[in-house]
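Down below is the structure, laid out as structure tokens.
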Amino acid sequence: MTCVIVEDEKLLAMLLEKMVKEEGLEVLGVAKDAEEAIKMIDEKKPKVVFLDINLGEHDGFYVLQRINHKPYVIFTTAYSEYAVKAFEENAVDYLLKPIKKERLREAIERVRKLSTFEKANVADNIQRVKELAQKLKTDKFIVETGDEIVFLNVDEIIFLTSDEGETVVVTKDSKMKTKMPLKDCEIKLPHENFLRVHKSYIVNVEKIKKIIRNYFGSFALELSNGDIIPVGRNYKDSIKKLLE
């Protein structure tokens, strides 16, 4: 059985590729973003696609809506427990990160059975996955730091700051550095919870304790951990909206 892996985290993609090969699947390719995935899926026509939901500028649903080839889809995702339960009721299958071998084996076996007995229903399965998945909200932020991959609840994050091309993710209990640029972090984080306030800072709006304004009209933010974050001149309007 052939497959394509769509995963923007390089280390996760490598691990998943190794695991699916051990289960006897032929990996036709690994795509790191939505546009590459669309082209690869339509050209290579895999039987199954392992599809990440957060892919930077676009997401996994964007891919599903634009492919002409209709494979079986297994989402690889980091969803809340409630969302996973809803998803499991109707999707072809999902793999919750970090991926376990037993669950991967189950997912592949499910696809094999579907391939044998429900070939006529592949398009219906994909549509059902689309409709359900679009209702779910991600609550995990993946930080690849050194030789570890950390799954953070987004509400744990206080702020993020750039540091020589890398990003420092600050929580109540830790600071983690990742090679992901700040602009890519901004795309992956839920926009309703996180606000760019400076070219070097993104803050969790729920962690803002105090907005400080000086005589010159400049702003700064005091956050829940006591850190003071400057507000850039070009980001003043965002802060003013918080005050409305």
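In the structure tokens, the first chain shown is A, the next is B, and so on; residue numbers restart at 1 for each chain, and ligands run from 1 in the order shown.
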
Selection: 12 Å around range 43-50 of chain A, only C-alpha atoms, excl. self and same-chain fewer than 4 positions, as an MDAnalysis selection string: chainID A and resid 1:8 12:13 16:17 19:20 25:32 36:39 60 63:64 67:77 92:96 99 104 107:112 114:116 119 122 126

For Lys236 in chain A: contacts at 10 Å, only C-alpha atoms, fewer than 3 positions along chain excluded, given as a ChimeraX atom specification: /A:197-198,217-220,231-233,239-241

Residues from last step as file, N, CA and C atoms, as a compact mmCIF listing (two decimals), in the first residue's frame:
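The resulting selection.txt:
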# COMPACT_ATOMS: atom_id res chain seq x y z
N VAL A 197 3.01 42.17 19.12
CA VAL A 197 3.06 43.52 19.70
C VAL A 197 4.38 44.23 19.39
N HIS A 198 5.28 43.51 18.72
CA HIS A 198 6.61 44.06 18.44
C HIS A 198 7.22 43.14 17.40
N GLY A 217 3.39 58.53 24.95
CA GLY A 217 2.40 57.74 24.21
C GLY A 217 2.85 56.34 23.87
N SER A 218 4.01 55.92 24.35
CA SER A 218 4.49 54.55 24.10
C SER A 218 3.84 53.58 25.08
N PHE A 219 3.73 52.32 24.66
CA PHE A 219 3.13 51.30 25.49
C PHE A 219 4.14 50.21 25.84
N ALA A 220 3.88 49.56 26.98
CA ALA A 220 4.58 48.35 27.36
C ALA A 220 3.55 47.45 28.04
N VAL A 231 6.03 47.48 23.39
CA VAL A 231 5.12 47.48 22.25
C VAL A 231 5.73 48.33 21.14
N GLY A 232 5.92 47.74 19.98
CA GLY A 232 6.52 48.47 18.87
C GLY A 232 5.62 49.58 18.35
N ARG A 233 6.24 50.59 17.76
CA ARG A 233 5.50 51.74 17.25
C ARG A 233 4.44 51.32 16.23
N ILE A 239 -2.84 47.31 20.43
CA ILE A 239 -3.01 47.51 21.87
C ILE A 239 -4.22 48.40 22.14
N LYS A 240 -4.40 49.42 21.32
CA LYS A 240 -5.53 50.32 21.50
C LYS A 240 -6.86 49.57 21.38
N LYS A 241 -6.88 48.56 20.49
CA LYS A 241 -8.10 47.76 20.34
C LYS A 241 -8.41 46.96 21.61

Using only C-alpha atoms for the distances, tell me which of A:Glu222, A:Glu106, A:Glu23, A:Glu166 is nearest to Met180 in chain A. A:Glu166

For Ile202 in chain A, find every residue with an atom within 8 Å (counting only C-alpha atoms), except residues of its own chain fewer than 6 positions away, and show them as a ChimeraX atom specification. /A:159-161,186,194-196

Between CA of Ala34 in chain A and CA of Leu55 in chain A, measure the distance and give it in Å to one decimal. 6.4 Å

If you run DSSP on the backbone, which residues of range 1-231 of chain A are strand (DSSP E), as number ranges by chain? A: 2-6, 26-31, 48-52, 54-55, 58-59, 72-77, 93-96, 140-145, 148-153, 157-163, 166-171, 175-178, 194-198, 201-204, 208-213, 219-223, 228-230

If I take CA of His58 in chain A and CA of Tyr201 in chain A, how far is one from the other in Å, to one decimal? 22.5 Å

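Between CA of Gly56 in chain A and CA of Asp33 in chain A the interatomic distance comes to 7.2 Å.
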
Would you list the contacts of range 168-171 of chain A as a ChimeraX atom specification, taking every protein, DNA or RNA residue within 10 Å and counting only C-alpha atoms, but skipping same-chain residues closer than 5 positions in sequence? /A:143,145,152,154-163,176-182,185,201-203,224-225

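Of the listed residues (A:Lys210, A:Lys21, A:Ile53, A:Asn153), A:Lys21 comes nearest to Arg105 in chain A; the distances count only C-alpha atoms.
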